[in-house]
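Following: one structure in structure tokens, then a few remarks.
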Amino acid sequence: MLKRVKTLRFLRNEVVLITGGSSGIGKALALEAARRGAIVVVTARDKEKLDAVADKCLILSGRPAYAFEMDATSPDQIDNVLEEIQSQVGAIDVLVNAAGLAEFSPAAEQSYATMGTMTNVNLLALMYISRCVARKMMDQGYGAIINIGSACGKIPTPNSAVYSATKAGVIQFDNVLRMEVADYGVQVLTVNPGPVRTPFFDKADKDGSYRSHLPEWMFIEVDELARQIWNNVGYETREINVPGRLAFLAWAYQVVPGLGDWAIKKVFDYQQNRSEL
């Protein structure tokens with residue numbers, strides 16, 4: 001990794017673009033980047049919430065902060081917003097793809113539209129935005145791309161088939177992208193957290209049936225996650241897998257997947273749930 005990338009460890013005056021920056025992990029990352037002196041740019045579909053985040057970033061950093069309304073599933077909007085950022089703010093030093101959504105329900109009961117929306121937001125949009133920004137970073141000779149995956153991309157759980165598939169796709173996309181851009185001084189960091197305490201589950205698991213099966217030790221505080229992510233930018237870190245015990249379980253599942261399937265179904269009481277549907 002080239003010397004210029006090491007300056008990203010401090011974030012001061014670096015331009016940081018965060019998709020999904022209006023709430024959840026994206027918002028927490030925006031605020032923490034601002035505390036470290038970054039010039040923060042947030043995008044999402046809710047302009048009112050975005051403006052509130054940008055205003056708070058301005059106060060925390062004492063530097064300009066920007067909010068751009070963007071539908072991550074529209075390549076035309078992505079192209080237009082990236083051009084506006086280049087014109088109004090400057091070159092992007094760090095990209096964070098934090099936009100994502102889920103619907104936790106059996107795969108056999110999900111509609112094509114639901115599957116398509118999750119795939120478009122969680123994977124296709126992330127790949128396209130990463131591709132667009134990576135080309136600029138390769139030209140400038142440095143940068144960092146942070147993509148939010150999930151422990152679900154490594155450990156399967158009932159009622160998360162499509163969501164898990166999109167996150168597994170993020171992990172593998174990053175594995176290849178990392179090789180392709182490494183010689184240009186661009187870091188690719190994949191973040192695979194367990195469940196995070198954000199409003200995410202309010203939409204993804206409206207009746208609480210998925211969350212109720214998750215042990216309390218799995219849950220991560222969003223501000224703590226944000227600090228850990230920024231503490232690894234500008235280094236040779238490939239992945240962040242938290243909490244640690246969950247990372248171990250992901251490894252164990254690869255070693256003995258049959259036993260893993262049995263244990264996971266027991267934890268989720270899966271057969272009983274199916275009989276009640």
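Every chain in the structure tokens has a letter given in the order shown (A, B, ...), and although residue numbers restart at 1 in each chain, ligands are simply numbered from 1 in the order shown.
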Run DSSP on the backbone and tell me which residues of range 86-251 of chain A come out as strand (DSSP E); list them as a PDB file with all heavy atoms, in the first residue's frame.
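Once everything was written out, this is part.pdb:
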```
ATOM      1  N   VAL A  94     -12.300   8.637   0.577  1.00  0.00           N
ATOM      2  CA  VAL A  94     -12.818   7.422   1.210  1.00  0.00           C
ATOM      3  C   VAL A  94     -14.280   7.253   0.809  1.00  0.00           C
ATOM      4  O   VAL A  94     -15.071   8.192   0.913  1.00  0.00           O
ATOM      5  CB  VAL A  94     -12.724   7.485   2.749  1.00  0.00           C
ATOM      6  CG1 VAL A  94     -13.229   6.178   3.367  1.00  0.00           C
ATOM      7  CG2 VAL A  94     -11.305   7.762   3.205  1.00  0.00           C
ATOM      8  N   LEU A  95     -14.621   6.054   0.356  1.00  0.00           N
ATOM      9  CA  LEU A  95     -16.005   5.704   0.053  1.00  0.00           C
ATOM     10  C   LEU A  95     -16.478   4.671   1.062  1.00  0.00           C
ATOM     11  O   LEU A  95     -15.780   3.687   1.324  1.00  0.00           O
ATOM     12  CB  LEU A  95     -16.111   5.114  -1.357  1.00  0.00           C
ATOM     13  CG  LEU A  95     -17.421   4.375  -1.690  1.00  0.00           C
ATOM     14  CD1 LEU A  95     -18.603   5.347  -1.733  1.00  0.00           C
ATOM     15  CD2 LEU A  95     -17.293   3.605  -2.999  1.00  0.00           C
ATOM     16  N   VAL A  96     -17.683   4.900   1.602  1.00  0.00           N
ATOM     17  CA  VAL A  96     -18.320   3.899   2.457  1.00  0.00           C
ATOM     18  C   VAL A  96     -19.687   3.569   1.865  1.00  0.00           C
ATOM     19  O   VAL A  96     -20.544   4.445   1.740  1.00  0.00           O
ATOM     20  CB  VAL A  96     -18.515   4.398   3.899  1.00  0.00           C
ATOM     21  CG1 VAL A  96     -19.134   3.281   4.743  1.00  0.00           C
ATOM     22  CG2 VAL A  96     -17.211   4.866   4.504  1.00  0.00           C
ATOM     23  N   ASN A  97     -19.882   2.316   1.492  1.00  0.00           N
ATOM     24  CA  ASN A  97     -21.194   1.855   1.039  1.00  0.00           C
ATOM     25  C   ASN A  97     -21.927   1.239   2.228  1.00  0.00           C
ATOM     26  O   ASN A  97     -21.673   0.087   2.600  1.00  0.00           O
ATOM     27  CB  ASN A  97     -21.048   0.827  -0.084  1.00  0.00           C
ATOM     28  CG  ASN A  97     -20.792   1.474  -1.430  1.00  0.00           C
ATOM     29  OD1 ASN A  97     -21.576   2.301  -1.898  1.00  0.00           O
ATOM     30  ND2 ASN A  97     -19.682   1.114  -2.054  1.00  0.00           N
ATOM     31  N   GLY A 143      -6.653   5.854  -1.934  1.00  0.00           N
ATOM     32  CA  GLY A 143      -8.057   5.889  -1.542  1.00  0.00           C
ATOM     33  C   GLY A 143      -8.415   4.672  -0.714  1.00  0.00           C
ATOM     34  O   GLY A 143      -7.612   3.746  -0.559  1.00  0.00           O
ATOM     35  N   ALA A 144      -9.607   4.686  -0.170  1.00  0.00           N
ATOM     36  CA  ALA A 144     -10.105   3.547   0.603  1.00  0.00           C
ATOM     37  C   ALA A 144     -11.578   3.345   0.290  1.00  0.00           C
ATOM     38  O   ALA A 144     -12.351   4.309   0.236  1.00  0.00           O
ATOM     39  CB  ALA A 144      -9.909   3.772   2.102  1.00  0.00           C
ATOM     40  N   ILE A 145     -11.942   2.097   0.065  1.00  0.00           N
ATOM     41  CA  ILE A 145     -13.335   1.719  -0.172  1.00  0.00           C
ATOM     42  C   ILE A 145     -13.751   0.783   0.951  1.00  0.00           C
ATOM     43  O   ILE A 145     -13.135  -0.262   1.163  1.00  0.00           O
ATOM     44  CB  ILE A 145     -13.497   1.024  -1.539  1.00  0.00           C
ATOM     45  CG1 ILE A 145     -13.152   1.999  -2.672  1.00  0.00           C
ATOM     46  CG2 ILE A 145     -14.921   0.487  -1.704  1.00  0.00           C
ATOM     47  CD1 ILE A 145     -13.116   1.362  -4.048  1.00  0.00           C
ATOM     48  N   ILE A 146     -14.782   1.186   1.674  1.00  0.00           N
ATOM     49  CA  ILE A 146     -15.282   0.403   2.809  1.00  0.00           C
ATOM     50  C   ILE A 146     -16.687  -0.072   2.459  1.00  0.00           C
ATOM     51  O   ILE A 146     -17.584   0.748   2.249  1.00  0.00           O
ATOM     52  CB  ILE A 146     -15.329   1.250   4.090  1.00  0.00           C
ATOM     53  CG1 ILE A 146     -13.959   1.853   4.389  1.00  0.00           C
ATOM     54  CG2 ILE A 146     -15.824   0.415   5.268  1.00  0.00           C
ATOM     55  CD1 ILE A 146     -13.991   2.947   5.425  1.00  0.00           C
ATOM     56  N   ASN A 147     -16.873  -1.366   2.383  1.00  0.00           N
ATOM     57  CA  ASN A 147     -18.182  -1.922   2.062  1.00  0.00           C
ATOM     58  C   ASN A 147     -18.734  -2.694   3.256  1.00  0.00           C
ATOM     59  O   ASN A 147     -18.042  -3.541   3.830  1.00  0.00           O
ATOM     60  CB  ASN A 147     -18.095  -2.828   0.830  1.00  0.00           C
ATOM     61  CG  ASN A 147     -17.909  -2.020  -0.450  1.00  0.00           C
ATOM     62  OD1 ASN A 147     -18.410  -0.902  -0.563  1.00  0.00           O
ATOM     63  ND2 ASN A 147     -17.197  -2.576  -1.415  1.00  0.00           N
ATOM     64  N   ILE A 148     -19.969  -2.369   3.607  1.00  0.00           N
ATOM     65  CA  ILE A 148     -20.597  -3.011   4.766  1.00  0.00           C
ATOM     66  C   ILE A 148     -21.237  -4.321   4.329  1.00  0.00           C
ATOM     67  O   ILE A 148     -22.227  -4.338   3.595  1.00  0.00           O
ATOM     68  CB  ILE A 148     -21.651  -2.095   5.415  1.00  0.00           C
ATOM     69  CG1 ILE A 148     -21.040  -0.733   5.755  1.00  0.00           C
ATOM     70  CG2 ILE A 148     -22.219  -2.769   6.669  1.00  0.00           C
ATOM     71  CD1 ILE A 148     -19.879  -0.766   6.722  1.00  0.00           C
ATOM     72  N   VAL A 186      -5.046   1.564  -3.300  1.00  0.00           N
ATOM     73  CA  VAL A 186      -6.434   1.669  -2.829  1.00  0.00           C
ATOM     74  C   VAL A 186      -6.726   0.515  -1.876  1.00  0.00           C
ATOM     75  O   VAL A 186      -6.563  -0.654  -2.222  1.00  0.00           O
ATOM     76  CB  VAL A 186      -7.427   1.647  -4.000  1.00  0.00           C
ATOM     77  CG1 VAL A 186      -8.866   1.750  -3.478  1.00  0.00           C
ATOM     78  CG2 VAL A 186      -7.131   2.781  -4.979  1.00  0.00           C
ATOM     79  N   GLN A 187      -7.141   0.842  -0.676  1.00  0.00           N
ATOM     80  CA  GLN A 187      -7.534  -0.152   0.312  1.00  0.00           C
ATOM     81  C   GLN A 187      -8.999  -0.535   0.098  1.00  0.00           C
ATOM     82  O   GLN A 187      -9.852   0.321  -0.149  1.00  0.00           O
ATOM     83  CB  GLN A 187      -7.380   0.400   1.734  1.00  0.00           C
ATOM     84  CG  GLN A 187      -7.825  -0.580   2.825  1.00  0.00           C
ATOM     85  CD  GLN A 187      -7.864   0.048   4.207  1.00  0.00           C
ATOM     86  OE1 GLN A 187      -7.798   1.274   4.344  1.00  0.00           O
ATOM     87  NE2 GLN A 187      -7.970  -0.767   5.238  1.00  0.00           N
ATOM     88  N   VAL A 188      -9.290  -1.827   0.196  1.00  0.00           N
ATOM     89  CA  VAL A 188     -10.673  -2.309   0.188  1.00  0.00           C
ATOM     90  C   VAL A 188     -10.910  -3.029   1.505  1.00  0.00           C
ATOM     91  O   VAL A 188     -10.268  -4.041   1.797  1.00  0.00           O
ATOM     92  CB  VAL A 188     -10.956  -3.242  -0.998  1.00  0.00           C
ATOM     93  CG1 VAL A 188     -12.387  -3.789  -0.913  1.00  0.00           C
ATOM     94  CG2 VAL A 188     -10.754  -2.513  -2.323  1.00  0.00           C
ATOM     95  N   LEU A 189     -11.820  -2.499   2.298  1.00  0.00           N
ATOM     96  CA  LEU A 189     -12.110  -3.025   3.634  1.00  0.00           C
ATOM     97  C   LEU A 189     -13.553  -3.508   3.694  1.00  0.00           C
ATOM     98  O   LEU A 189     -14.484  -2.739   3.430  1.00  0.00           O
ATOM     99  CB  LEU A 189     -11.883  -1.928   4.683  1.00  0.00           C
ATOM    100  CG  LEU A 189     -12.276  -2.240   6.128  1.00  0.00           C
ATOM    101  CD1 LEU A 189     -11.489  -3.423   6.674  1.00  0.00           C
ATOM    102  CD2 LEU A 189     -12.088  -1.006   7.002  1.00  0.00           C
ATOM    103  N   THR A 190     -13.736  -4.774   4.017  1.00  0.00           N
ATOM    104  CA  THR A 190     -15.074  -5.352   4.156  1.00  0.00           C
ATOM    105  C   THR A 190     -15.413  -5.457   5.636  1.00  0.00           C
ATOM    106  O   THR A 190     -14.626  -5.984   6.422  1.00  0.00           O
ATOM    107  CB  THR A 190     -15.138  -6.752   3.537  1.00  0.00           C
ATOM    108  OG1 THR A 190     -14.504  -6.741   2.261  1.00  0.00           O
ATOM    109  CG2 THR A 190     -16.591  -7.197   3.364  1.00  0.00           C
ATOM    110  N   VAL A 191     -16.583  -4.969   6.008  1.00  0.00           N
ATOM    111  CA  VAL A 191     -17.012  -4.986   7.410  1.00  0.00           C
ATOM    112  C   VAL A 191     -18.183  -5.949   7.549  1.00  0.00           C
ATOM    113  O   VAL A 191     -19.226  -5.770   6.909  1.00  0.00           O
ATOM    114  CB  VAL A 191     -17.418  -3.578   7.877  1.00  0.00           C
ATOM    115  CG1 VAL A 191     -17.813  -3.604   9.355  1.00  0.00           C
ATOM    116  CG2 VAL A 191     -16.290  -2.584   7.646  1.00  0.00           C
ATOM    117  N   ASN A 192     -17.996  -6.981   8.360  1.00  0.00           N
ATOM    118  CA  ASN A 192     -19.026  -8.011   8.535  1.00  0.00           C
ATOM    119  C   ASN A 192     -19.484  -8.053   9.994  1.00  0.00           C
ATOM    120  O   ASN A 192     -19.018  -8.902  10.776  1.00  0.00           O
ATOM    121  CB  ASN A 192     -18.473  -9.377   8.124  1.00  0.00           C
ATOM    122  CG  ASN A 192     -17.992  -9.398   6.695  1.00  0.00           C
ATOM    123  OD1 ASN A 192     -18.681  -8.952   5.790  1.00  0.00           O
ATOM    124  ND2 ASN A 192     -16.787  -9.909   6.473  1.00  0.00           N
ATOM    125  N   PRO A 193     -20.369  -7.152  10.363  1.00  0.00           N
ATOM    126  CA  PRO A 193     -20.828  -7.146  11.755  1.00  0.00           C
ATOM    127  C   PRO A 193     -21.962  -8.133  11.985  1.00  0.00           C
ATOM    128  O   PRO A 193     -22.708  -8.497  11.063  1.00  0.00           O
ATOM    129  CB  PRO A 193     -21.324  -5.710  11.935  1.00  0.00           C
ATOM    130  CG  PRO A 193     -21.824  -5.329  10.570  1.00  0.00           C
ATOM    131  CD  PRO A 193     -20.941  -6.053   9.587  1.00  0.00           C
ATOM    132  N   GLU A 239     -10.558  -7.270   6.427  1.00  0.00           N
ATOM    133  CA  GLU A 239     -11.917  -7.467   6.924  1.00  0.00           C
ATOM    134  C   GLU A 239     -11.983  -7.116   8.406  1.00  0.00           C
ATOM    135  O   GLU A 239     -11.008  -7.259   9.138  1.00  0.00           O
ATOM    136  CB  GLU A 239     -12.373  -8.928   6.774  1.00  0.00           C
ATOM    137  CG  GLU A 239     -12.690  -9.357   5.367  1.00  0.00           C
ATOM    138  CD  GLU A 239     -13.356 -10.739   5.339  1.00  0.00           C
ATOM    139  OE1 GLU A 239     -13.556 -11.344   6.426  1.00  0.00           O
ATOM    140  OE2 GLU A 239     -13.668 -11.202   4.235  1.00  0.00           O
ATOM    141  N   ILE A 240     -13.177  -6.673   8.801  1.00  0.00           N
ATOM    142  CA  ILE A 240     -13.505  -6.547  10.218  1.00  0.00           C
ATOM    143  C   ILE A 240     -14.683  -7.478  10.460  1.00  0.00           C
ATOM    144  O   ILE A 240     -15.739  -7.345   9.809  1.00  0.00           O
ATOM    145  CB  ILE A 240     -13.881  -5.106  10.585  1.00  0.00           C
ATOM    146  CG1 ILE A 240     -12.679  -4.173  10.407  1.00  0.00           C
ATOM    147  CG2 ILE A 240     -14.407  -5.028  12.015  1.00  0.00           C
ATOM    148  CD1 ILE A 240     -13.012  -2.708  10.598  1.00  0.00           C
ATOM    149  N   ASN A 241     -14.514  -8.445  11.349  1.00  0.00           N
ATOM    150  CA  ASN A 241     -15.566  -9.400  11.681  1.00  0.00           C
ATOM    151  C   ASN A 241     -15.840  -9.307  13.175  1.00  0.00           C
ATOM    152  O   ASN A 241     -14.991  -9.685  13.991  1.00  0.00           O
ATOM    153  CB  ASN A 241     -15.130 -10.817  11.314  1.00  0.00           C
ATOM    154  CG  ASN A 241     -14.884 -10.972   9.822  1.00  0.00           C
ATOM    155  OD1 ASN A 241     -15.818 -11.028   9.026  1.00  0.00           O
ATOM    156  ND2 ASN A 241     -13.618 -11.036   9.426  1.00  0.00           N
ATOM    157  N   VAL A 242     -17.001  -8.780  13.525  1.00  0.00           N
ATOM    158  CA  VAL A 242     -17.328  -8.569  14.934  1.00  0.00           C
ATOM    159  C   VAL A 242     -18.771  -9.012  15.211  1.00  0.00           C
ATOM    160  O   VAL A 242     -19.625  -8.956  14.323  1.00  0.00           O
ATOM    161  CB  VAL A 242     -17.162  -7.076  15.323  1.00  0.00           C
ATOM    162  CG1 VAL A 242     -15.701  -6.712  15.386  1.00  0.00           C
ATOM    163  CG2 VAL A 242     -17.898  -6.149  14.347  1.00  0.00           C
TER     164      VAL A 242
END
```
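Using only C-alpha atoms, the residues found no farther than 9 Å from range 196-213 of chain A, other than those of its own chain fewer than 2 positions away, are Ser23, Gly24, Ile25, Gly100, Leu101, Ala102, Glu103, Phe104, Ser105, Pro158, Asn159, Ser160, Pro193, Gly194, Pro215, Met218, Phe219, Ile220, Glu221, Val222, Leu225, Val267, Phe268 and Asp269 of chain A.
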Same residues, N, CA and C atoms, output as an mmCIF file, in the first residue's frame:
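Result written to out23.cif:
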```cif
data_model
loop_
_atom_site.group_PDB
_atom_site.id
_atom_site.type_symbol
_atom_site.label_atom_id
_atom_site.label_comp_id
_atom_site.auth_asym_id
_atom_site.auth_seq_id
_atom_site.Cartn_x
_atom_site.Cartn_y
_atom_site.Cartn_z
ATOM 1 N N SER A 23 -29.126 7.309 8.414
ATOM 2 C CA SER A 23 -29.478 6.603 9.646
ATOM 3 C C SER A 23 -28.542 5.408 9.847
ATOM 4 N N GLY A 24 -28.674 4.748 10.988
ATOM 5 C CA GLY A 24 -27.983 3.497 11.239
ATOM 6 C C GLY A 24 -26.474 3.599 11.189
ATOM 7 N N ILE A 25 -25.852 2.581 10.604
ATOM 8 C CA ILE A 25 -24.392 2.519 10.531
ATOM 9 C C ILE A 25 -23.839 3.690 9.739
ATOM 10 N N GLY A 100 -28.362 -0.263 2.801
ATOM 11 C CA GLY A 100 -28.768 -1.661 2.781
ATOM 12 C C GLY A 100 -30.138 -1.853 3.388
ATOM 13 N N LEU A 101 -30.773 -2.961 3.029
ATOM 14 C CA LEU A 101 -32.082 -3.278 3.599
ATOM 15 C C LEU A 101 -32.270 -4.782 3.610
ATOM 16 N N ALA A 102 -33.278 -5.218 4.363
ATOM 17 C CA ALA A 102 -33.555 -6.649 4.469
ATOM 18 C C ALA A 102 -35.022 -6.867 4.756
ATOM 19 N N GLU A 103 -35.467 -8.071 4.438
ATOM 20 C CA GLU A 103 -36.764 -8.559 4.904
ATOM 21 C C GLU A 103 -36.542 -9.989 5.351
ATOM 22 N N PHE A 104 -36.680 -10.215 6.648
ATOM 23 C CA PHE A 104 -36.432 -11.536 7.191
ATOM 24 C C PHE A 104 -37.714 -12.371 7.154
ATOM 25 N N SER A 105 -37.765 -13.274 6.184
ATOM 26 C CA SER A 105 -38.889 -14.184 6.023
ATOM 27 C C SER A 105 -38.414 -15.351 5.162
ATOM 28 N N PRO A 158 -31.968 -19.192 9.165
ATOM 29 C CA PRO A 158 -33.293 -19.277 8.554
ATOM 30 C C PRO A 158 -33.940 -17.900 8.424
ATOM 31 N N ASN A 159 -34.679 -17.716 7.349
ATOM 32 C CA ASN A 159 -35.420 -16.483 7.057
ATOM 33 C C ASN A 159 -34.538 -15.329 6.586
ATOM 34 N N SER A 160 -33.283 -15.635 6.218
ATOM 35 C CA SER A 160 -32.413 -14.568 5.728
ATOM 36 C C SER A 160 -31.713 -14.944 4.424
ATOM 37 N N PRO A 193 -20.369 -7.152 10.363
ATOM 38 C CA PRO A 193 -20.828 -7.146 11.755
ATOM 39 C C PRO A 193 -21.962 -8.133 11.985
ATOM 40 N N GLY A 194 -22.084 -8.547 13.222
ATOM 41 C CA GLY A 194 -23.293 -9.235 13.634
ATOM 42 C C GLY A 194 -24.410 -8.199 13.739
ATOM 43 N N PRO A 215 -28.950 -14.248 20.497
ATOM 44 C CA PRO A 215 -28.492 -14.003 21.872
ATOM 45 C C PRO A 215 -27.970 -12.580 22.041
ATOM 46 N N MET A 218 -24.481 -11.125 20.853
ATOM 47 C CA MET A 218 -24.192 -10.861 19.443
ATOM 48 C C MET A 218 -24.305 -9.383 19.079
ATOM 49 N N PHE A 219 -25.105 -8.630 19.816
ATOM 50 C CA PHE A 219 -25.439 -7.273 19.407
ATOM 51 C C PHE A 219 -24.281 -6.307 19.646
ATOM 52 N N ILE A 220 -24.118 -5.394 18.685
ATOM 53 C CA ILE A 220 -23.010 -4.438 18.685
ATOM 54 C C ILE A 220 -23.573 -3.029 18.783
ATOM 55 N N GLU A 221 -22.925 -2.195 19.565
ATOM 56 C CA GLU A 221 -23.297 -0.781 19.630
ATOM 57 C C GLU A 221 -22.778 -0.071 18.382
ATOM 58 N N VAL A 222 -23.630 0.701 17.738
ATOM 59 C CA VAL A 222 -23.277 1.279 16.442
ATOM 60 C C VAL A 222 -22.125 2.273 16.535
ATOM 61 N N LEU A 225 -18.898 0.330 16.699
ATOM 62 C CA LEU A 225 -18.565 -0.202 15.378
ATOM 63 C C LEU A 225 -17.956 0.874 14.493
ATOM 64 N N VAL A 267 -31.205 -23.335 17.329
ATOM 65 C CA VAL A 267 -31.257 -22.002 17.934
ATOM 66 C C VAL A 267 -32.492 -21.255 17.463
ATOM 67 N N PHE A 268 -32.801 -21.377 16.168
ATOM 68 C CA PHE A 268 -33.933 -20.645 15.616
ATOM 69 C C PHE A 268 -35.248 -21.411 15.738
ATOM 70 N N ASP A 269 -35.189 -22.624 16.318
ATOM 71 C CA ASP A 269 -36.395 -23.424 16.482
ATOM 72 C C ASP A 269 -37.145 -23.472 15.156
#
```
For this session: Name all residues at most 9 Å from Thr166 in chain A (count only C-alpha atoms; drop same-chain ones fewer than 3 positions away) and give them as a count of residues only.
Result: 14
Exercise. Looking only at the backbone, which of the residues in range 27-250 of chain A does DSSP tag as alpha helix (DSSP H), as a VMD selection string?
Worked result: chain A and resid 27 to 35 47 to 61 75 to 88 112 to 119 125 to 140 161 to 181 200 to 204 222 to 230 244 to 250
Seminar exercise, completed: Counting only C-alpha atoms, closest pick from A:Ala107, A:Leu17, A:Ala65, A:Val42 relative to Ser130 in chain A is A:Leu17
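By only C-alpha atoms, and with residues fewer than 4 positions from Ala34 in chain A along its chain excluded, the set lying at most 9 Å from it is Leu11, Arg12, Leu29, Ala30, Ala38, Ile39, Val40, Lys56, Cys57, Leu58, Ile59, Leu60, Ser61, Gly62, Arg63 and Ala65 of chain A.
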Could you write out that same residue set with N, CA and C atoms as a PDB file, in the first residue's frame?
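Okay, this is what ended up in out30.pdb:
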```
ATOM      1  N   LEU A  11      -7.929  11.034   8.777  1.00  0.00           N
ATOM      2  CA  LEU A  11      -9.179  11.525   8.196  1.00  0.00           C
ATOM      3  C   LEU A  11      -9.276  13.046   8.093  1.00  0.00           C
ATOM      4  N   ARG A  12      -8.423  13.770   8.746  1.00  0.00           N
ATOM      5  CA  ARG A  12      -8.536  15.229   8.772  1.00  0.00           C
ATOM      6  C   ARG A  12      -8.467  15.804   7.356  1.00  0.00           C
ATOM      7  N   LEU A  29     -21.144   6.402  11.166  1.00  0.00           N
ATOM      8  CA  LEU A  29     -19.849   6.581  10.503  1.00  0.00           C
ATOM      9  C   LEU A  29     -19.636   8.032  10.089  1.00  0.00           C
ATOM     10  N   ALA A  30     -20.699   8.683   9.626  1.00  0.00           N
ATOM     11  CA  ALA A  30     -20.597  10.091   9.229  1.00  0.00           C
ATOM     12  C   ALA A  30     -20.223  10.967  10.425  1.00  0.00           C
ATOM     13  N   ALA A  38     -13.015  15.095   9.154  1.00  0.00           N
ATOM     14  CA  ALA A  38     -13.231  14.820   7.737  1.00  0.00           C
ATOM     15  C   ALA A  38     -14.244  15.779   7.130  1.00  0.00           C
ATOM     16  N   ILE A  39     -14.171  15.924   5.825  1.00  0.00           N
ATOM     17  CA  ILE A  39     -15.210  16.613   5.049  1.00  0.00           C
ATOM     18  C   ILE A  39     -16.197  15.539   4.628  1.00  0.00           C
ATOM     19  N   VAL A  40     -17.357  15.539   5.240  1.00  0.00           N
ATOM     20  CA  VAL A  40     -18.303  14.427   5.095  1.00  0.00           C
ATOM     21  C   VAL A  40     -19.351  14.742   4.027  1.00  0.00           C
ATOM     22  N   LYS A  56     -25.095  18.328  11.558  1.00  0.00           N
ATOM     23  CA  LYS A  56     -24.387  17.889  12.763  1.00  0.00           C
ATOM     24  C   LYS A  56     -22.907  17.641  12.460  1.00  0.00           C
ATOM     25  N   CYS A  57     -22.626  17.116  11.275  1.00  0.00           N
ATOM     26  CA  CYS A  57     -21.230  16.895  10.872  1.00  0.00           C
ATOM     27  C   CYS A  57     -20.478  18.217  10.801  1.00  0.00           C
ATOM     28  N   LEU A  58     -21.134  19.237  10.284  1.00  0.00           N
ATOM     29  CA  LEU A  58     -20.521  20.568  10.190  1.00  0.00           C
ATOM     30  C   LEU A  58     -20.126  21.082  11.576  1.00  0.00           C
ATOM     31  N   ILE A  59     -21.009  20.889  12.536  1.00  0.00           N
ATOM     32  CA  ILE A  59     -20.738  21.338  13.904  1.00  0.00           C
ATOM     33  C   ILE A  59     -19.581  20.549  14.512  1.00  0.00           C
ATOM     34  N   LEU A  60     -19.576  19.233  14.296  1.00  0.00           N
ATOM     35  CA  LEU A  60     -18.555  18.381  14.891  1.00  0.00           C
ATOM     36  C   LEU A  60     -17.176  18.590  14.290  1.00  0.00           C
ATOM     37  N   SER A  61     -17.118  18.834  12.984  1.00  0.00           N
ATOM     38  CA  SER A  61     -15.832  18.911  12.292  1.00  0.00           C
ATOM     39  C   SER A  61     -15.326  20.332  12.108  1.00  0.00           C
ATOM     40  N   GLY A  62     -16.246  21.297  12.063  1.00  0.00           N
ATOM     41  CA  GLY A  62     -15.858  22.662  11.731  1.00  0.00           C
ATOM     42  C   GLY A  62     -15.473  22.802  10.267  1.00  0.00           C
ATOM     43  N   ARG A  63     -15.842  21.805   9.473  1.00  0.00           N
ATOM     44  CA  ARG A  63     -15.539  21.789   8.053  1.00  0.00           C
ATOM     45  C   ARG A  63     -16.820  21.613   7.260  1.00  0.00           C
ATOM     46  N   ALA A  65     -19.825  20.181   5.161  1.00  0.00           N
ATOM     47  CA  ALA A  65     -20.463  18.868   5.080  1.00  0.00           C
ATOM     48  C   ALA A  65     -21.580  18.968   4.051  1.00  0.00           C
TER      49      ALA A  65
END
```
Problem set entry | Selection near range 258-263 of chain A, 9 Å with only C-alpha atoms, sequence-local residues under 4 positions removed, as an MDAnalysis selection string | chainID A and resid 155:157 249 252:254 267:268
Seminar exercise, completed: Counting only C-alpha atoms, closest pick from A:Gly26, A:Pro75, A:Gly20, A:Gly141 relative to Asp46 in chain A is A:Gly20
